[in-house]
>>> print(open('target.csv').read())   # CSV, C-alpha atoms
chain,number,residue,atom,x,y,z
A,1,MET,CA,-20.2,-32.3,2.9
A,2,THR,CA,-21.8,-29.7,5.1
A,3,ARG,CA,-21.5,-26.0,4.3
A,4,SER,CA,-19.4,-25.3,7.4
A,5,VAL,CA,-16.9,-28.0,6.6
A,6,ARG,CA,-16.6,-26.8,3.0
A,7,ARG,CA,-16.0,-23.3,4.4
A,8,ALA,CA,-13.3,-24.5,6.7
A,9,LEU,CA,-11.6,-26.4,3.9
A,10,ILE,CA,-11.6,-23.4,1.6
A,11,VAL,CA,-9.9,-21.3,4.3
A,12,ALA,CA,-7.4,-24.0,5.3
A,13,LEU,CA,-6.4,-24.9,1.7
A,14,PRO,CA,-3.6,-22.3,1.1
A,15,PHE,CA,-2.0,-22.9,4.5
A,16,VAL,CA,-1.8,-26.7,3.9
A,17,LEU,CA,-0.5,-26.2,0.4
A,18,ALA,CA,2.2,-23.7,1.5
A,19,TRP,CA,3.3,-26.0,4.3
A,20,ALA,CA,3.4,-29.1,2.0
A,21,ALA,CA,5.5,-27.1,-0.5
A,22,VAL,CA,8.0,-26.2,2.2
A,23,LEU,CA,8.1,-29.8,3.6
A,24,ALA,CA,8.6,-31.2,0.1
A,25,VAL,CA,11.5,-28.8,-0.8
A,26,TYR,CA,13.1,-29.5,2.6
A,27,ALA,CA,12.9,-33.3,2.1
A,28,ALA,CA,14.3,-33.0,-1.4
A,29,LEU,CA,17.2,-30.7,-0.3
A,30,ARG,CA,17.9,-32.2,3.2
A,31,ASP,CA,21.2,-33.8,2.4
A,32,ARG,CA,22.4,-30.7,0.5
A,33,LEU,CA,21.7,-28.2,3.3
A,34,PRO,CA,24.4,-26.7,5.6
A,35,ASP,CA,24.1,-26.6,9.4
A,36,PRO,CA,23.2,-24.0,10.3
A,37,LEU,CA,21.1,-22.4,7.6
A,38,ALA,CA,21.2,-18.8,6.6
A,39,THR,CA,17.7,-17.6,7.6
A,40,HIS,CA,18.0,-13.8,7.9
A,41,ILE,CA,19.1,-11.6,5.0
A,42,GLY,CA,20.4,-8.1,5.5
A,43,SER,CA,19.5,-5.1,3.5
A,44,GLY,CA,22.3,-5.8,1.1
A,45,GLY,CA,21.3,-9.3,0.4
A,46,GLU,CA,23.9,-10.9,2.6
A,47,PRO,CA,23.0,-13.3,5.4
A,48,ASP,CA,23.3,-12.1,9.0
A,49,GLY,CA,21.2,-14.6,10.9
A,50,PHE,CA,21.5,-18.4,11.1
A,51,THR,CA,19.3,-21.3,12.3
A,52,GLY,CA,19.7,-25.1,12.5
A,53,PRO,CA,17.7,-27.0,9.9
A,54,GLY,CA,15.4,-28.7,12.4
A,55,ALA,CA,14.6,-25.4,14.1
A,56,PHE,CA,14.1,-23.8,10.8
A,57,LEU,CA,11.5,-26.4,9.8
A,58,SER,CA,9.7,-26.3,13.1
A,59,VAL,CA,9.4,-22.5,13.1
A,60,SER,CA,8.3,-22.5,9.5
A,61,THR,CA,5.7,-25.1,10.2
A,62,ALA,CA,4.3,-23.2,13.2
A,63,LEU,CA,4.2,-19.9,11.2
A,64,ILE,CA,2.2,-21.5,8.4
A,65,LEU,CA,0.0,-24.1,10.1
A,66,VAL,CA,-1.0,-22.6,13.4
A,67,PRO,CA,-2.8,-19.6,11.9
A,68,GLY,CA,-4.3,-21.9,9.3
A,69,ILE,CA,-5.8,-24.1,12.0
A,70,VAL,CA,-7.2,-21.1,13.8
A,71,ALA,CA,-8.7,-19.6,10.6
A,72,ALA,CA,-10.3,-22.9,9.6
A,73,ALA,CA,-11.8,-23.3,13.1
A,74,ILE,CA,-13.2,-19.8,13.0
A,75,ALA,CA,-14.7,-20.4,9.5
A,76,HIS,CA,-16.2,-23.7,10.6
A,77,ARG,CA,-18.0,-22.1,13.6
A,78,SER,CA,-18.9,-18.8,11.8
A,79,ARG,CA,-22.5,-18.2,10.6
A,80,THR,CA,-21.3,-15.6,8.2
A,81,ALA,CA,-20.7,-16.7,4.6
A,82,LEU,CA,-17.2,-16.3,3.1
A,83,GLY,CA,-18.8,-14.3,0.4
A,84,ALA,CA,-19.3,-11.5,2.9
A,85,GLN,CA,-15.6,-11.8,3.9
A,86,ARG,CA,-13.9,-12.0,0.5
A,87,LEU,CA,-11.2,-9.4,1.3
A,88,LEU,CA,-10.2,-11.3,4.5
A,89,VAL,CA,-10.1,-14.7,2.6
A,90,ALA,CA,-8.0,-13.1,-0.2
A,91,THR,CA,-5.5,-11.8,2.5
A,92,GLY,CA,-5.6,-15.3,4.1
A,93,TYR,CA,-4.6,-16.9,0.8
A,94,GLY,CA,-1.9,-14.4,0.0
A,95,THR,CA,-0.1,-14.5,3.4
A,96,PRO,CA,0.8,-18.2,3.4
A,97,ALA,CA,1.7,-18.0,-0.3
A,98,MET,CA,4.2,-15.2,0.5
A,99,LEU,CA,5.6,-17.1,3.5
A,100,GLY,CA,5.8,-20.3,1.5
A,101,TYR,CA,7.7,-18.7,-1.3
A,102,ILE,CA,10.2,-16.9,0.9
A,103,THR,CA,10.8,-20.1,2.9
A,104,THR,CA,11.3,-22.4,-0.1
A,105,ALA,CA,13.5,-19.7,-1.8
A,106,LEU,CA,15.7,-19.6,1.3
A,107,LEU,CA,16.1,-23.4,1.2
A,108,PHE,CA,17.1,-23.4,-2.4
A,109,ALA,CA,19.6,-20.5,-1.7
A,110,ASN,CA,21.2,-22.6,1.1
A,111,ALA,CA,21.5,-25.8,-1.0
A,112,ASP,CA,25.1,-27.0,-1.8
A,113,VAL,CA,26.6,-24.1,0.2
A,114,SER,CA,29.5,-25.1,2.5
A,115,ASP,CA,29.6,-21.7,4.2
A,116,PRO,CA,26.2,-20.3,5.1
A,117,ALA,CA,27.7,-16.8,5.3
A,118,ALA,CA,28.2,-17.1,1.5
A,119,VAL,CA,24.5,-17.7,0.7
A,120,ASP,CA,23.3,-15.3,-2.0
A,121,PHE,CA,19.6,-14.3,-1.7
A,122,PRO,CA,18.8,-11.3,-4.0
A,123,LEU,CA,16.1,-9.0,-2.6
A,124,TRP,CA,14.1,-9.4,-5.9
A,125,HIS,CA,12.7,-12.5,-4.2
A,126,LEU,CA,10.6,-10.1,-2.0
A,127,ALA,CA,9.0,-8.6,-5.1
A,128,VAL,CA,8.3,-12.1,-6.5
A,129,SER,CA,6.8,-13.2,-3.2
A,130,LEU,CA,4.4,-10.2,-3.3
A,131,ALA,CA,3.4,-11.1,-6.8
A,132,VAL,CA,2.8,-14.7,-5.8
A,133,ALA,CA,0.7,-13.5,-2.8
A,134,GLY,CA,-1.4,-11.3,-5.1
A,135,ALA,CA,-2.1,-14.1,-7.6
A,136,VAL,CA,-3.0,-16.6,-4.8
A,137,GLY,CA,-5.0,-14.0,-3.0
A,138,TRP,CA,-7.1,-13.6,-6.2
A,139,VAL,CA,-7.8,-17.3,-6.2
A,140,GLY,CA,-9.0,-16.9,-2.6
A,141,TRP,CA,-11.3,-14.0,-3.7
A,142,LEU,CA,-12.8,-16.2,-6.3
A,143,LEU,CA,-13.3,-19.3,-4.1
A,144,ALA,CA,-14.9,-17.2,-1.4
A,145,GLY,CA,-17.6,-16.3,-3.9
A,146,LEU,CA,-18.6,-20.0,-4.0
A,147,ASP,CA,-19.9,-19.5,-0.4
A,148,ALA,CA,-22.2,-16.6,-1.1
A,149,PRO,CA,-24.2,-15.1,1.7
A,150,SER,CA,-27.7,-16.5,1.9
A,151,ALA,CA,-30.6,-14.1,1.6
A,152,ALA,CA,-31.9,-13.2,5.1
A,153,GLY,CA,-35.2,-11.6,5.9
A,154,PRO,CA,-35.7,-8.9,8.5
A,155,ALA,CA,-35.1,-9.9,12.1
A,156,ALA,CA,-38.2,-11.0,14.0
A,157,GLY,CA,-39.0,-9.0,17.1
A,158,PRO,CA,-41.6,-7.1,19.0
A,159,ALA,CA,-44.2,-5.2,16.9
A,160,ALA,CA,-43.2,-1.6,16.1
A,161,GLY,CA,-45.2,1.2,17.6
A,162,PRO,CA,-45.5,4.8,16.5
A,163,ALA,CA,-42.0,5.6,17.7
A,164,GLY,CA,-40.3,2.2,17.4
A,165,PRO,CA,-41.0,-1.3,19.0
A,166,ARG,CA,-41.7,-1.7,22.7
A,167,LEU,CA,-41.1,-4.4,25.2
A,168,PRO,CA,-44.0,-4.4,27.7
A,169,LEU,CA,-43.0,-4.0,31.3
A,170,ALA,CA,-45.2,-3.9,34.4
A,171,LYS,CA,-45.1,-0.9,36.7
A,172,GLY,CA,-41.9,-1.1,38.8
A,173,GLU,CA,-40.6,-4.0,36.8
A,174,ALA,CA,-36.9,-3.9,35.8
A,175,ALA,CA,-35.2,-5.6,32.9
A,176,VAL,CA,-31.7,-6.1,31.5
A,177,TRP,CA,-30.7,-7.4,28.1
A,178,THR,CA,-27.2,-8.5,27.3
A,179,HIS,CA,-25.5,-10.4,24.6
A,180,THR,CA,-21.9,-11.2,23.6
A,181,ILE,CA,-20.9,-11.0,20.0
A,182,GLY,CA,-17.6,-11.8,18.3
A,183,SER,CA,-16.1,-11.1,15.0
A,184,PRO,CA,-14.4,-13.9,13.0
A,185,VAL,CA,-13.1,-11.3,10.6
A,186,LEU,CA,-11.3,-9.4,13.3
A,187,VAL,CA,-9.9,-12.6,14.9
A,188,GLY,CA,-8.6,-13.7,11.6
A,189,ALA,CA,-7.1,-10.2,10.9
A,190,GLY,CA,-5.5,-10.3,14.3
A,191,VAL,CA,-4.0,-13.7,13.7
A,192,LEU,CA,-2.7,-12.8,10.3
A,193,THR,CA,-1.2,-9.7,11.6
A,194,VAL,CA,0.6,-11.6,14.3
A,195,VAL,CA,1.9,-14.1,11.7
A,196,VAL,CA,3.2,-11.3,9.5
A,197,GLY,CA,4.8,-9.6,12.5
A,198,ALA,CA,6.4,-12.9,13.5
A,199,ALA,CA,7.8,-13.3,10.0
A,200,LEU,CA,9.2,-9.8,10.1
A,201,ALA,CA,10.7,-10.4,13.6
A,202,LEU,CA,12.5,-13.5,12.2
A,203,ALA,CA,13.7,-11.5,9.2
A,204,SER,CA,14.6,-8.2,10.8
A,205,GLY,CA,14.5,-8.6,14.6
A,206,TRP,CA,11.8,-7.8,17.2
A,207,ALA,CA,12.1,-4.1,16.5
A,208,GLY,CA,10.6,-4.7,13.1
A,209,GLY,CA,8.0,-7.3,13.9
A,210,GLY,CA,7.2,-6.8,17.6
A,211,PRO,CA,4.9,-3.7,17.2
A,212,LEU,CA,2.9,-5.5,14.4
A,213,MET,CA,2.5,-8.6,16.6
A,214,ALA,CA,1.2,-6.3,19.4
A,215,VAL,CA,-1.3,-4.8,17.1
A,216,GLY,CA,-2.5,-8.3,16.0
A,217,VAL,CA,-2.9,-9.4,19.6
A,218,LEU,CA,-4.9,-6.3,20.5
A,219,THR,CA,-7.1,-6.7,17.4
A,220,ALA,CA,-7.9,-10.3,18.3
A,221,ALA,CA,-8.5,-9.4,22.0
A,222,LEU,CA,-11.0,-6.6,21.0
A,223,SER,CA,-12.8,-8.7,18.5
A,224,ARG,CA,-15.4,-9.9,21.0
A,225,CYS,CA,-17.7,-7.5,22.9
A,226,ARG,CA,-20.6,-7.6,25.4
A,227,VAL,CA,-23.6,-5.4,24.5
A,228,THR,CA,-25.9,-4.5,27.4
A,229,VAL,CA,-29.2,-2.6,27.6
A,230,ASP,CA,-30.4,-1.5,31.0
A,231,ARG,CA,-31.7,1.6,32.9
A,232,ARG,CA,-28.5,3.4,32.1
A,233,GLY,CA,-28.9,2.9,28.3
A,234,LEU,CA,-26.7,1.0,25.9
A,235,THR,CA,-23.2,-0.1,27.0
A,236,VAL,CA,-20.6,-1.9,24.8
A,237,ALA,CA,-17.4,-3.2,26.5
A,238,PRO,CA,-14.8,-5.9,25.7
A,239,TRP,CA,-15.7,-9.4,26.8
A,240,PHE,CA,-12.8,-9.6,29.2
A,241,ALA,CA,-13.0,-6.3,31.0
A,242,PRO,CA,-15.5,-3.5,31.9
A,243,ARG,CA,-13.3,-0.9,30.2
A,244,PRO,CA,-12.7,0.6,27.8
A,245,ARG,CA,-16.4,0.9,27.1
A,246,LEU,CA,-18.8,2.8,25.0
A,247,ARG,CA,-22.0,4.1,26.6
A,248,MET,CA,-25.1,5.7,25.1
A,249,PRO,CA,-27.3,7.1,27.9
A,250,LEU,CA,-31.1,6.9,27.5
A,251,ALA,CA,-31.3,10.7,27.4
A,252,ARG,CA,-29.3,10.7,24.1
A,253,ILE,CA,-31.6,8.2,22.3
A,254,ASP,CA,-34.6,9.3,20.4
A,255,GLU,CA,-35.5,5.9,18.9
A,256,ALA,CA,-34.1,2.4,18.7
A,257,THR,CA,-34.8,0.0,15.8
A,258,SER,CA,-33.2,-3.1,14.3
A,259,ARG,CA,-32.3,-4.0,10.7
A,260,GLU,CA,-30.0,-6.2,8.7
A,261,VAL,CA,-26.7,-4.6,7.7
A,262,ARG,CA,-23.6,-5.5,5.6
A,263,ALA,CA,-20.2,-4.7,7.1
A,264,LEU,CA,-18.9,-3.3,3.9
A,265,ASP,CA,-21.8,-1.0,3.5
A,266,LEU,CA,-20.9,0.5,6.9
A,267,GLY,CA,-17.2,1.0,5.9
A,268,GLY,CA,-15.8,-2.4,7.1
A,269,TRP,CA,-15.2,-4.1,10.4
A,270,GLY,CA,-14.3,-2.3,13.7
A,271,TYR,CA,-15.4,1.2,14.8
A,272,ARG,CA,-16.4,3.2,11.8
A,273,MET,CA,-17.4,6.9,11.5
A,274,ARG,CA,-19.1,8.6,8.6
A,275,ALA,CA,-21.0,11.8,8.2
A,276,GLY,CA,-24.2,11.5,10.3
A,277,ARG,CA,-23.4,7.9,11.5
A,278,SER,CA,-21.0,6.0,13.7
A,279,ALA,CA,-21.0,2.2,14.0
A,280,LEU,CA,-19.3,-0.7,15.8
A,281,VAL,CA,-19.2,-3.4,13.2
A,282,LEU,CA,-18.2,-6.9,14.2
A,283,ARG,CA,-20.0,-8.8,11.4
A,284,SER,CA,-22.7,-8.5,8.8
A,285,GLY,CA,-26.3,-9.4,9.9
A,286,ASP,CA,-28.7,-8.2,12.6
A,287,ALA,CA,-27.9,-4.8,14.1
A,288,LEU,CA,-29.2,-2.4,16.7
A,289,CYS,CA,-29.7,1.1,15.3
A,290,LEU,CA,-30.1,4.2,17.5
A,291,ARG,CA,-31.5,7.5,16.2
A,292,LEU,CA,-29.8,10.0,18.6
A,293,ALA,CA,-31.1,13.4,19.8
A,294,THR,CA,-28.4,15.0,17.7
A,295,GLY,CA,-30.0,13.6,14.5
A,296,LYS,CA,-27.1,11.2,14.0
A,297,GLU,CA,-27.3,7.4,14.0
A,298,PHE,CA,-25.3,4.8,16.0
A,299,VAL,CA,-25.2,1.2,14.9
A,300,VAL,CA,-23.9,-1.9,16.6
A,301,THR,CA,-24.1,-5.3,15.1
A,302,VAL,CA,-25.5,-7.9,17.6
A,303,ASP,CA,-27.9,-10.8,17.6
A,304,ASP,CA,-31.5,-10.4,18.8
A,305,ALA,CA,-31.2,-6.7,18.1
A,306,ALA,CA,-35.0,-6.3,17.9
A,307,THR,CA,-35.4,-7.2,21.6
A,308,ALA,CA,-32.7,-4.8,22.6
A,309,ALA,CA,-34.3,-2.0,20.6
A,310,ALA,CA,-37.7,-2.7,22.1
A,311,LEU,CA,-36.3,-2.6,25.7
A,312,LEU,CA,-34.4,0.6,25.0
A,313,ASN,CA,-37.5,2.3,23.7
A,314,THR,CA,-39.5,1.2,26.8
A,315,LEU,CA,-36.8,2.4,29.2
A,316,ARG,CA,-36.3,5.7,27.2
A,317,GLU,CA,-40.1,6.4,27.5
A,318,ARG,CA,-40.0,5.7,31.2
A,319,VAL,CA,-37.3,8.3,31.7
A,320,ARG,CA,-39.2,10.9,29.7
A,321,THR,CA,-42.7,10.3,30.9
A,322,GLY,CA,-42.1,8.9,34.4
A,323,PRO,CA,-42.7,5.3,35.6
A,324,GLY,CA,-46.2,6.1,36.6
A,325,ARG,CA,-47.4,6.1,33.0
A,326,GLN,CA,-45.9,2.7,32.3
A,327,GLY,CA,-47.9,-0.5,32.9
>>> encode(input="target.csv", output="structure tokens")
Amino acid sequence: MTRSVRRALIVALPFVLAWAAVLAVYAALRDRLPDPLATHIGSGGEPDGFTGPGAFLSVSTALILVPGIVAAAIAHRSRTALGAQRLLVATGYGTPAMLGYITTALLFANADVSDPAAVDFPLWHLAVSLAVAGAVGWVGWLLAGLDAPSAAGPAAGPAAGPAGPRLPLAKGEAAVWTHTIGSPVLVGAGVLTVVVGAALALASGWAGGGPLMAVGVLTAALSRCRVTVDRRGLTVAPWFAPRPRLRMPLARIDEATSREVRALDLGGWGYRMRAGRSALVLRSGDALCLRLATGKEFVVTVDDAATAAALLNTLRERVRTGPGRQG
């Protein structure tokens, strides 16, 4: 079994088990369930929403399996070890466990009830579901450690000069470097947020889950960016549109280098700010690091960062010394 297949199986496991549990309970109770089922419980523990058994099973299957398939596909294609994404894996384990518990508990509550409006579903089930999610999430945390990140040496690139690496360019020659980089972690977080939002929407209506689903969609959409180095400096923009964008002009850059970074060391995934440093972190690994004229540092994780740093240094020097001294 290849490492990528093993990684995908580890990620998919809780979703498959949660769906199998729901399917087994539904099959065992099928002849004892009313039509429709009580599927939405109000704040007092009384049902105020109802769904047919077939629709209930279909929606439950989609809520559990679809994000599992997406997460497994991302894990299979990712070059980042699960050991560097343990928090996300733990969350991925806890979410289907919570959904699986709530769904099976609802099925048991509906069994042998002639009037669905009389279903009793105490709200302590929510507390139990969170406890189950925590326990299963801990299992995910441990399993992610089996796929520990491999040791990686420094990224190869152009030789460093007295003020950073250079990319030789002939007089009058222009160059552009661009690369698209995605974040499996942010995609997974976006998908899980949509799933939780959808579950809340089913339980409490669109007012409760709609905003969370919107946040999940936005997170997934912004999980992939295009990084460009040209005569204007460094530009980072979403893969699907030129804006919103982040631009670092050449005049603001003192030196560009590259190094290996860990997302957690920079504060996690997404846009991060700390004293003296800001960073756009899409994954662990190769990163472009800029020392700014203000003395602060800006970091963006991207493949082939050494080439981007070398080109930035060459273009920055051209701006400061004039093209006539380049050659």
>>> residues_around(input="target.csv", residues="A:Ile10", least_positions_apart="2", cutoff="12 Å", atoms="only C-alpha atoms", output="compact mmCIF listing (two decimals) with C-alpha atoms, in the coordinates of the input")
# COMPACT_ATOMS: atom_id res chain seq x y z
CA ARG A 3 -21.50 -26.00 4.30
CA SER A 4 -19.40 -25.30 7.40
CA VAL A 5 -16.90 -28.00 6.60
CA ARG A 6 -16.60 -26.80 3.00
CA ARG A 7 -16.00 -23.30 4.40
CA ALA A 8 -13.30 -24.50 6.70
CA ALA A 12 -7.40 -24.00 5.30
CA LEU A 13 -6.40 -24.90 1.70
CA PRO A 14 -3.60 -22.30 1.10
CA PHE A 15 -2.00 -22.90 4.50
CA VAL A 16 -1.80 -26.70 3.90
CA LEU A 17 -0.50 -26.20 0.40
CA GLY A 68 -4.30 -21.90 9.30
CA ILE A 69 -5.80 -24.10 12.00
CA ALA A 71 -8.70 -19.60 10.60
CA ALA A 72 -10.30 -22.90 9.60
CA ALA A 73 -11.80 -23.30 13.10
CA ALA A 75 -14.70 -20.40 9.50
CA HIS A 76 -16.20 -23.70 10.60
CA ALA A 81 -20.70 -16.70 4.60
CA LEU A 82 -17.20 -16.30 3.10
CA GLY A 83 -18.80 -14.30 0.40
CA ARG A 86 -13.90 -12.00 0.50
CA VAL A 89 -10.10 -14.70 2.60
CA ALA A 90 -8.00 -13.10 -0.20
CA GLY A 92 -5.60 -15.30 4.10
CA TYR A 93 -4.60 -16.90 0.80
CA VAL A 139 -7.80 -17.30 -6.20
CA GLY A 140 -9.00 -16.90 -2.60
CA TRP A 141 -11.30 -14.00 -3.70
CA LEU A 142 -12.80 -16.20 -6.30
CA LEU A 143 -13.30 -19.30 -4.10
CA ALA A 144 -14.90 -17.20 -1.40
CA GLY A 145 -17.60 -16.30 -3.90
CA LEU A 146 -18.60 -20.00 -4.00
CA ASP A 147 -19.90 -19.50 -0.40
>>> closest_residue(input="target.csv", among="A:Ser129, A:Ser183, A:Thr51, A:Ser114", to="A:Gly94", atoms="only C-alpha atoms")
A:Ser129
>>> atom_distance(input="target.csv", atom1="atom CA of A:Pro244", atom2="atom CA of A:Val70")
26.4 Å
>>> atom_distance(input="target.csv", atom1="atom CA of A:Asp304", atom2="atom CA of A:Arg259")
10.4 Å
>>> residues_near_point(input="target.csv", point="(-5.7, -10.6, 9.8)", cutoff="10 Å", atoms="only C-alpha atoms", output="number ranges by chain")
A: 67, 71, 88-89, 91-92, 95, 184-196, 216, 219-220
>>> closest_residue(input="target.csv", among="A:Asp303, A:Asp31, A:Glu297, A:Asp230", to="A:Glu260", atoms="only C-alpha atoms")
A:Asp303
>>> atom_distance(input="target.csv", atom1="atom CA of A:Thr294", atom2="atom CA of A:Ala275")
12.5 Å
>>> closest_residue(input="target.csv", among="A:Arg32, A:Lys296, A:Arg224, A:Arg232", to="A:Arg274", atoms="all atoms listed in the file")
A:Lys296
>>> closest_residue(input="target.csv", among="A:Val319, A:Leu264, A:Ala199, A:Ala117", to="A:Pro249", atoms="all atoms listed in the file")
A:Val319
>>> closest_residue(input="target.csv", among="A:Val299, A:Leu288, A:Ala28, A:Ala201", to="A:Leu107", atoms="only C-alpha atoms")
A:Ala28
